[in-house]
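Please read the structure below before turning to the comments.
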There are 2 protein chains.
Amino acid sequence: MRVYLAGPDVFLPAAEARAAVLKSICTRHGLQGVSPLDPLDEEPEGWSGLPEAQRIALRNEAHISRSAALIANLTPFRGPSADVGTVFEIGYMRALGRPVFGWSNSAAPFNERTRAFLGAAAVRGPDGAWLDHEGMLIEAFGLSDNLMIDAAILASGGELFTAAVEQASRWTDLAAFQRCVAAAARKLLSSPSPP
Amino acid sequence: MRVYLAGPDVFLPAAEARAAVLKSICTRHGLQGVSPLDPLDEEPEGWSGLPEAQRIALRNEAHISRSAALIANLTPFRGPSADVGTVFEIGYMRALGRPVFGWSNSAAPFNERTRAFLGAAAVRGPDGAWLDHEGMLIEAFGLSDNLMIDAAILASGGELFTAAVEQASRWTDLAAFQRCVAAAARKLLSSPSPP
(Lines give C-alpha, C1' and ligand atoms only; values in the text may rest on other atoms or scores of the structure.)
Protein backbone atom coordinates (compact mmCIF):
# COMPACT_ATOMS: atom_id res chain seq x y z
CA MET A 1 0.00 0.00 0.00
CA ARG A 2 1.39 3.38 -1.05
CA VAL A 3 2.23 5.98 1.57
CA TYR A 4 3.39 9.44 0.51
CA LEU A 5 6.42 10.69 2.44
CA ALA A 6 5.99 14.45 2.75
CA GLY A 7 8.73 16.55 4.30
CA PRO A 8 11.53 19.04 3.82
CA ASP A 9 13.81 16.01 3.49
CA VAL A 10 13.83 16.79 -0.25
CA PHE A 11 15.99 19.83 0.53
CA LEU A 12 18.69 17.77 2.28
CA PRO A 13 22.11 17.53 0.61
CA ALA A 14 21.71 13.79 -0.01
CA ALA A 15 17.97 13.83 -0.65
CA GLU A 16 17.90 10.69 -2.83
CA ALA A 17 19.79 8.66 -0.23
CA ARG A 18 17.50 10.00 2.49
CA ALA A 19 14.43 8.97 0.48
CA ALA A 20 15.89 5.48 0.08
CA VAL A 21 16.35 5.15 3.85
CA LEU A 22 12.79 6.33 4.57
CA LYS A 23 11.42 3.93 1.96
CA SER A 24 13.37 0.98 3.35
CA ILE A 25 11.77 1.58 6.74
CA CYS A 26 8.35 1.60 5.07
CA THR A 27 9.15 -1.63 3.24
CA ARG A 28 10.11 -3.27 6.52
CA HIS A 29 6.60 -2.46 7.77
CA GLY A 30 4.87 -3.74 4.66
CA LEU A 31 4.22 -0.30 3.14
CA GLN A 32 5.43 1.24 -0.11
CA GLY A 33 6.94 4.64 0.61
CA VAL A 34 6.51 7.18 -2.18
CA SER A 35 9.00 10.03 -2.24
CA PRO A 36 8.29 13.46 -3.77
CA LEU A 37 11.45 12.77 -5.79
CA ASP A 38 9.96 9.69 -7.47
CA PRO A 39 8.90 10.06 -11.09
CA LEU A 40 5.32 9.20 -11.97
CA ASP A 41 4.74 5.88 -13.72
CA GLU A 42 3.22 7.88 -16.53
CA GLU A 43 3.43 11.63 -16.74
CA PRO A 44 0.53 13.28 -18.57
CA GLU A 45 1.63 14.46 -22.03
CA GLY A 46 0.62 18.05 -21.47
CA TRP A 47 3.13 18.48 -18.65
CA SER A 48 6.27 18.35 -20.78
CA GLY A 49 6.09 22.04 -21.66
CA LEU A 50 5.46 23.23 -18.11
CA PRO A 51 8.06 25.05 -16.00
CA GLU A 52 9.95 22.71 -13.64
CA ALA A 53 8.33 24.05 -10.47
CA GLN A 54 4.86 23.47 -11.90
CA ARG A 55 5.73 19.92 -12.95
CA ILE A 56 7.14 19.07 -9.52
CA ALA A 57 3.99 20.40 -7.84
CA LEU A 58 1.60 18.53 -10.12
CA ARG A 59 3.66 15.37 -9.70
CA ASN A 60 3.49 15.65 -5.91
CA GLU A 61 -0.26 16.19 -6.05
CA ALA A 62 -0.58 13.12 -8.28
CA HIS A 63 1.56 11.04 -5.90
CA ILE A 64 -0.68 12.06 -2.98
CA SER A 65 -3.84 11.25 -4.92
CA ARG A 66 -2.48 7.78 -5.61
CA SER A 67 -1.46 7.07 -2.01
CA ALA A 68 -3.52 5.49 0.75
CA ALA A 69 -2.05 7.73 3.43
CA LEU A 70 0.48 10.49 4.02
CA ILE A 71 3.34 10.56 6.52
CA ALA A 72 4.65 14.07 7.15
CA ASN A 73 7.95 15.17 8.61
CA LEU A 74 6.79 18.08 10.78
CA THR A 75 10.19 18.90 12.25
CA PRO A 76 10.27 22.73 12.37
CA PHE A 77 11.84 24.20 9.26
CA ARG A 78 13.20 27.78 9.10
CA GLY A 79 10.85 29.03 11.77
CA PRO A 80 8.63 27.64 14.52
CA SER A 81 6.39 25.61 12.18
CA ALA A 82 6.72 22.73 9.75
CA ASP A 83 7.79 23.30 6.14
CA VAL A 84 4.92 24.93 4.24
CA GLY A 85 5.24 22.60 1.24
CA THR A 86 4.67 19.69 3.61
CA VAL A 87 1.73 21.44 5.25
CA PHE A 88 0.15 22.12 1.85
CA GLU A 89 0.34 18.40 1.17
CA ILE A 90 -1.25 17.55 4.52
CA GLY A 91 -4.17 19.83 3.64
CA TYR A 92 -4.44 18.19 0.24
CA MET A 93 -4.56 14.67 1.66
CA ARG A 94 -6.91 15.72 4.44
CA ALA A 95 -9.41 16.94 1.82
CA LEU A 96 -9.14 13.53 0.14
CA GLY A 97 -10.29 12.03 3.44
CA ARG A 98 -7.42 9.59 3.92
CA PRO A 99 -5.24 9.18 7.02
CA VAL A 100 -2.48 11.70 7.68
CA PHE A 101 0.36 10.74 10.03
CA GLY A 102 2.96 13.13 11.36
CA TRP A 103 6.30 12.95 13.11
CA SER A 104 8.56 15.66 14.43
CA ASN A 105 11.97 15.84 16.01
CA SER A 106 10.77 18.67 18.21
CA ALA A 107 8.72 17.71 21.26
CA ALA A 108 8.18 21.29 22.43
CA PRO A 109 4.61 22.65 22.29
CA PHE A 110 3.98 25.12 19.46
CA ASN A 111 3.42 28.02 21.84
CA GLU A 112 6.74 27.45 23.56
CA ARG A 113 8.60 27.02 20.28
CA THR A 114 7.07 30.17 18.81
CA ARG A 115 8.06 32.16 21.88
CA ALA A 116 11.61 30.83 21.67
CA PHE A 117 11.66 31.91 18.00
CA LEU A 118 10.35 35.39 18.77
CA GLY A 119 12.58 35.91 21.81
CA ALA A 120 12.00 39.19 23.60
CA ALA A 121 9.35 40.11 21.03
CA ALA A 122 6.91 37.70 22.69
CA VAL A 123 4.98 39.36 25.49
CA ARG A 124 1.89 38.66 27.55
CA GLY A 125 -1.18 40.68 26.62
CA PRO A 126 -3.62 42.20 29.11
CA ASP A 127 -5.60 38.94 29.32
CA GLY A 128 -2.49 36.83 29.84
CA ALA A 129 -2.32 35.44 26.29
CA TRP A 130 1.06 35.45 24.57
CA LEU A 131 1.37 37.93 21.69
CA ASP A 132 4.14 38.87 19.30
CA HIS A 133 5.54 42.41 18.94
CA GLU A 134 2.68 43.31 16.60
CA GLY A 135 0.05 42.11 19.02
CA MET A 136 -0.66 38.98 16.98
CA LEU A 137 -1.77 36.01 19.04
CA ILE A 138 0.47 33.00 19.65
CA GLU A 139 -1.69 29.86 19.63
CA ALA A 140 -1.85 28.21 23.05
CA PHE A 141 -3.74 24.96 22.65
CA GLY A 142 -0.88 22.76 23.83
CA LEU A 143 -0.53 21.36 20.32
CA SER A 144 2.66 20.66 18.41
CA ASP A 145 2.00 23.10 15.55
CA ASN A 146 -0.80 25.26 14.11
CA LEU A 147 -4.14 23.72 15.08
CA MET A 148 -5.11 22.91 11.49
CA ILE A 149 -2.21 20.43 11.35
CA ASP A 150 -2.69 18.65 14.67
CA ALA A 151 -6.46 18.55 14.24
CA ALA A 152 -6.28 17.18 10.69
CA ILE A 153 -4.03 14.32 11.78
CA LEU A 154 -6.39 13.45 14.61
CA ALA A 155 -9.61 13.78 12.58
CA SER A 156 -8.17 11.78 9.69
CA GLY A 157 -7.51 8.78 11.89
CA GLY A 158 -3.76 9.32 11.84
CA GLU A 159 -1.32 9.81 14.68
CA LEU A 160 1.43 12.26 15.58
CA PHE A 161 4.78 11.22 17.07
CA THR A 162 7.30 13.62 18.50
CA ALA A 163 10.76 13.14 19.90
CA ALA A 164 12.99 15.56 21.81
CA VAL A 165 16.01 15.44 19.52
CA GLU A 166 19.05 17.70 19.67
CA GLN A 167 19.19 20.37 16.98
CA ALA A 168 22.24 18.79 15.37
CA SER A 169 20.50 15.43 14.92
CA ARG A 170 17.07 16.56 13.84
CA TRP A 171 17.58 15.76 10.15
CA THR A 172 19.15 12.37 10.85
CA ASP A 173 17.33 10.87 13.86
CA LEU A 174 14.59 8.55 12.62
CA ALA A 175 13.19 7.12 15.87
CA ALA A 176 9.95 9.16 15.65
CA PHE A 177 9.64 8.32 11.95
CA GLN A 178 9.94 4.61 12.70
CA ARG A 179 7.22 4.79 15.34
CA CYS A 180 5.08 6.71 12.89
CA VAL A 181 5.51 4.17 10.07
CA ALA A 182 4.72 1.34 12.48
CA ALA A 183 1.48 3.10 13.49
CA ALA A 184 0.57 3.77 9.86
CA ALA A 185 1.16 0.11 9.01
CA ARG A 186 -1.05 -1.03 11.90
CA LYS A 187 -3.81 1.27 10.71
CA LEU A 188 -3.56 0.62 6.99
CA LEU A 189 -2.81 -3.07 6.90
CA SER A 190 -5.62 -3.94 9.28
CA SER A 191 -8.08 -1.88 7.22
CA PRO A 192 -10.70 -4.07 5.52
CA SER A 193 -10.80 -2.09 2.26
CA PRO A 194 -7.35 -0.89 1.21
CA PRO A 195 -7.52 1.70 -1.62
CA MET B 1 -20.96 33.26 -4.08
CA ARG B 2 -18.97 32.25 -1.00
CA VAL B 3 -15.23 32.89 -0.88
CA TYR B 4 -13.21 31.65 2.11
CA LEU B 5 -10.77 34.25 3.45
CA ALA B 6 -7.74 32.32 4.70
CA GLY B 7 -4.94 34.11 6.48
CA PRO B 8 -3.15 34.86 9.73
CA ASP B 9 -5.49 37.85 10.03
CA VAL B 10 -7.32 35.79 12.68
CA PHE B 11 -4.33 36.37 14.99
CA LEU B 12 -4.55 40.18 14.71
CA PRO B 13 -5.55 42.10 17.86
CA ALA B 14 -8.82 43.27 16.26
CA ALA B 15 -9.49 40.13 14.26
CA GLU B 16 -13.29 40.56 14.11
CA ALA B 17 -13.00 44.11 12.82
CA ARG B 18 -10.40 42.99 10.31
CA ALA B 19 -12.72 40.24 9.06
CA ALA B 20 -15.51 42.78 8.67
CA VAL B 21 -13.28 45.00 6.50
CA LEU B 22 -12.21 42.09 4.30
CA LYS B 23 -15.82 40.97 3.92
CA SER B 24 -17.00 44.45 2.99
CA ILE B 25 -14.47 44.52 0.14
CA CYS B 26 -15.80 41.15 -1.04
CA THR B 27 -19.38 42.43 -0.88
CA ARG B 28 -18.43 45.42 -3.01
CA HIS B 29 -17.27 42.95 -5.68
CA GLY B 30 -20.39 40.82 -5.48
CA LEU B 31 -18.82 38.03 -3.40
CA GLN B 32 -19.67 36.74 0.07
CA GLY B 33 -16.50 36.66 2.16
CA VAL B 34 -16.43 33.86 4.72
CA SER B 35 -14.10 34.39 7.68
CA PRO B 36 -12.55 31.55 9.71
CA LEU B 37 -14.14 33.35 12.69
CA ASP B 38 -17.68 32.88 11.34
CA PRO B 39 -19.82 30.26 13.03
CA LEU B 40 -21.32 27.55 10.85
CA ASP B 41 -25.00 27.86 10.02
CA GLU B 42 -25.44 24.49 11.66
CA GLU B 43 -22.70 22.81 13.63
CA PRO B 44 -22.86 18.99 13.64
CA GLU B 45 -24.12 17.72 16.99
CA GLY B 46 -21.12 15.53 17.64
CA TRP B 47 -18.78 18.52 17.75
CA SER B 48 -20.01 19.97 21.03
CA GLY B 49 -17.80 17.72 23.12
CA LEU B 50 -14.64 18.31 21.09
CA PRO B 51 -11.70 20.38 22.33
CA GLU B 52 -11.80 23.98 21.05
CA ALA B 53 -8.84 23.59 18.68
CA GLN B 54 -10.47 20.57 17.03
CA ARG B 55 -13.78 22.41 16.61
CA ILE B 56 -12.08 25.42 15.05
CA ALA B 57 -10.24 23.20 12.59
CA LEU B 58 -13.32 21.21 11.58
CA ARG B 59 -15.29 24.44 11.20
CA ASN B 60 -12.63 25.91 8.92
CA GLU B 61 -12.60 22.75 6.82
CA ALA B 62 -16.41 22.92 6.58
CA HIS B 63 -16.27 26.61 5.56
CA ILE B 64 -13.78 25.76 2.81
CA SER B 65 -15.89 22.84 1.56
CA ARG B 66 -18.88 25.19 1.29
CA SER B 67 -17.00 27.94 -0.57
CA ALA B 68 -16.58 28.38 -4.31
CA ALA B 69 -13.03 29.67 -3.99
CA LEU B 70 -10.36 30.56 -1.44
CA ILE B 71 -8.48 33.84 -1.10
CA ALA B 72 -5.30 33.47 0.97
CA ASN B 73 -3.26 36.13 2.72
CA LEU B 74 0.26 34.88 1.96
CA THR B 75 2.10 37.75 3.65
CA PRO B 76 5.08 36.08 5.38
CA PHE B 77 4.31 35.16 8.98
CA ARG B 78 7.02 34.44 11.57
CA GLY B 79 9.51 33.29 8.98
CA PRO B 80 10.08 33.52 5.23
CA SER B 81 6.84 31.71 4.28
CA ALA B 82 3.12 32.18 4.67
CA ASP B 83 1.28 31.09 7.83
CA VAL B 84 1.07 27.28 7.88
CA GLY B 85 -2.61 27.26 8.84
CA THR B 86 -3.32 29.26 5.71
CA VAL B 87 -1.16 26.95 3.60
CA PHE B 88 -2.98 23.89 4.96
CA GLU B 89 -6.23 25.47 3.81
CA ILE B 90 -4.81 26.17 0.34
CA GLY B 91 -3.88 22.51 0.01
CA TYR B 92 -7.34 21.52 1.19
CA MET B 93 -9.10 23.72 -1.37
CA ARG B 94 -6.69 22.69 -4.11
CA ALA B 95 -7.66 19.05 -3.58
CA LEU B 96 -11.31 20.08 -3.91
CA GLY B 97 -10.39 21.42 -7.36
CA ARG B 98 -11.72 24.95 -6.92
CA PRO B 99 -9.85 28.20 -7.57
CA VAL B 100 -7.30 29.43 -5.05
CA PHE B 101 -6.28 33.08 -5.09
CA GLY B 102 -3.40 34.58 -3.14
CA TRP B 103 -2.16 37.96 -2.11
CA SER B 104 0.92 39.02 -0.23
CA ASN B 105 2.35 42.25 1.10
CA SER B 106 5.82 41.02 0.27
CA ALA B 107 6.92 41.30 -3.36
CA ALA B 108 10.35 39.73 -2.79
CA PRO B 109 11.01 36.35 -4.39
CA PHE B 110 11.00 33.42 -1.94
CA ASN B 111 14.70 32.73 -2.45
CA GLU B 112 15.65 36.30 -1.59
CA ARG B 113 13.33 36.41 1.39
CA THR B 114 14.65 33.12 2.76
CA ARG B 115 18.23 34.33 2.41
CA ALA B 116 17.35 37.54 4.25
CA PHE B 117 15.79 35.41 7.01
CA LEU B 118 18.85 33.15 7.28
CA GLY B 119 21.39 35.98 7.10
CA ALA B 120 24.99 34.82 7.14
CA ALA B 121 23.82 31.21 7.41
CA ALA B 122 22.88 31.25 3.71
CA VAL B 123 25.79 30.29 1.50
CA ARG B 124 26.34 29.21 -2.08
CA GLY B 125 27.04 25.52 -2.57
CA PRO B 126 29.62 24.10 -4.98
CA ASP B 127 27.14 24.20 -7.89
CA GLY B 128 26.10 27.78 -7.16
CA ALA B 129 22.78 26.95 -5.51
CA TRP B 130 21.92 28.72 -2.25
CA LEU B 131 21.98 26.49 0.83
CA ASP B 132 21.33 27.06 4.52
CA HIS B 133 23.90 26.30 7.27
CA GLU B 134 22.84 22.64 7.26
CA GLY B 135 23.30 22.31 3.52
CA MET B 136 19.55 22.30 2.88
CA LEU B 137 18.54 23.78 -0.45
CA ILE B 138 16.85 27.17 -0.74
CA GLU B 139 14.28 26.99 -3.56
CA ALA B 140 15.23 29.19 -6.50
CA PHE B 141 12.36 29.11 -8.96
CA GLY B 142 11.68 32.83 -8.83
CA LEU B 143 8.36 32.16 -7.10
CA SER B 144 6.85 34.03 -4.20
CA ASP B 145 6.78 31.07 -1.76
CA ASN B 146 7.27 27.30 -1.72
CA LEU B 147 6.48 25.92 -5.17
CA MET B 148 3.45 23.93 -3.97
CA ILE B 149 1.72 27.22 -3.15
CA ASP B 150 2.49 29.21 -6.29
CA ALA B 151 1.83 26.20 -8.51
CA ALA B 152 -1.48 25.36 -6.85
CA ILE B 153 -2.76 28.90 -7.36
CA LEU B 154 -1.79 28.80 -11.02
CA ALA B 155 -3.09 25.29 -11.71
CA SER B 156 -6.37 25.99 -9.93
CA GLY B 157 -7.18 28.89 -12.22
CA GLY B 158 -6.51 31.47 -9.52
CA GLU B 159 -4.11 34.38 -9.44
CA LEU B 160 -1.46 35.72 -7.09
CA PHE B 161 -1.03 39.43 -6.32
CA THR B 162 1.91 40.86 -4.45
CA ALA B 163 2.73 44.36 -3.28
CA ALA B 164 5.96 45.79 -1.90
CA VAL B 165 4.62 47.09 1.38
CA GLU B 166 6.68 48.40 4.30
CA GLN B 167 6.96 46.03 7.25
CA ALA B 168 4.96 48.35 9.49
CA SER B 169 1.98 48.39 7.10
CA ARG B 170 1.89 44.78 6.08
CA TRP B 171 -1.08 43.87 8.29
CA THR B 172 -3.07 46.96 7.32
CA ASP B 173 -2.40 47.66 3.62
CA LEU B 174 -5.17 46.08 1.54
CA ALA B 175 -4.26 47.17 -1.99
CA ALA B 176 -3.12 43.67 -3.03
CA PHE B 177 -6.16 42.12 -1.35
CA GLN B 178 -8.47 44.43 -3.30
CA ARG B 179 -6.85 43.49 -6.60
CA CYS B 180 -7.12 39.85 -5.61
CA VAL B 181 -10.83 40.08 -4.76
CA ALA B 182 -11.49 41.89 -8.04
CA ALA B 183 -9.75 39.09 -9.96
CA ALA B 184 -11.67 36.42 -8.03
CA ALA B 185 -14.95 38.18 -8.79
CA ARG B 186 -14.11 38.37 -12.51
CA LYS B 187 -13.35 34.66 -12.53
CA LEU B 188 -16.23 33.44 -10.37
CA LEU B 189 -19.03 35.69 -11.52
CA SER B 190 -18.36 35.07 -15.21
CA SER B 191 -18.33 31.31 -14.63
CA PRO B 192 -21.28 29.57 -16.28
CA SER B 193 -21.90 27.08 -13.45
CA PRO B 194 -21.35 28.63 -10.02
CA PRO B 195 -21.14 26.01 -7.26
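Here, A, B, ... name the chains of the C-alpha coordinates in the order displayed, residue numbers run from 1 inside each chain, and ligands are numbered from 1 in the same displayed order.
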
### Message
Using only C-alpha atoms, I'd like every residue of chain A that has an atom within 7 Å of chain B; please write them out as a ChimeraX atom specification.
### Response
/A:11-13,53-54,57,78-79,84-85,87-92,94-96,135-137,141,146-148,151

### Task
Might you pull out every residue within 8 Å of Cys26 (chain A), with only C-alpha atoms counted and same-chain residues fewer than 6 positions away left off, and present them as JSON, numbers by chain?
{"A": [32, 33, 181]}

Please write the residues from the selection above to a file, keeping N, CA and C atoms, as a tab-separated table (two decimals), in the first residue's frame.
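What follows is the written file result12.tsv:
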chain	number	residue	atom	x	y	z
A	32	GLN	N	4.59	0.72	0.98
A	32	GLN	CA	5.43	1.24	-0.11
A	32	GLN	C	5.57	2.75	0.04
A	33	GLY	N	6.71	3.21	0.47
A	33	GLY	CA	6.94	4.64	0.61
A	33	GLY	C	7.09	5.30	-0.75
A	181	VAL	N	5.74	5.16	11.14
A	181	VAL	CA	5.51	4.17	10.07
A	181	VAL	C	4.86	2.92	10.66
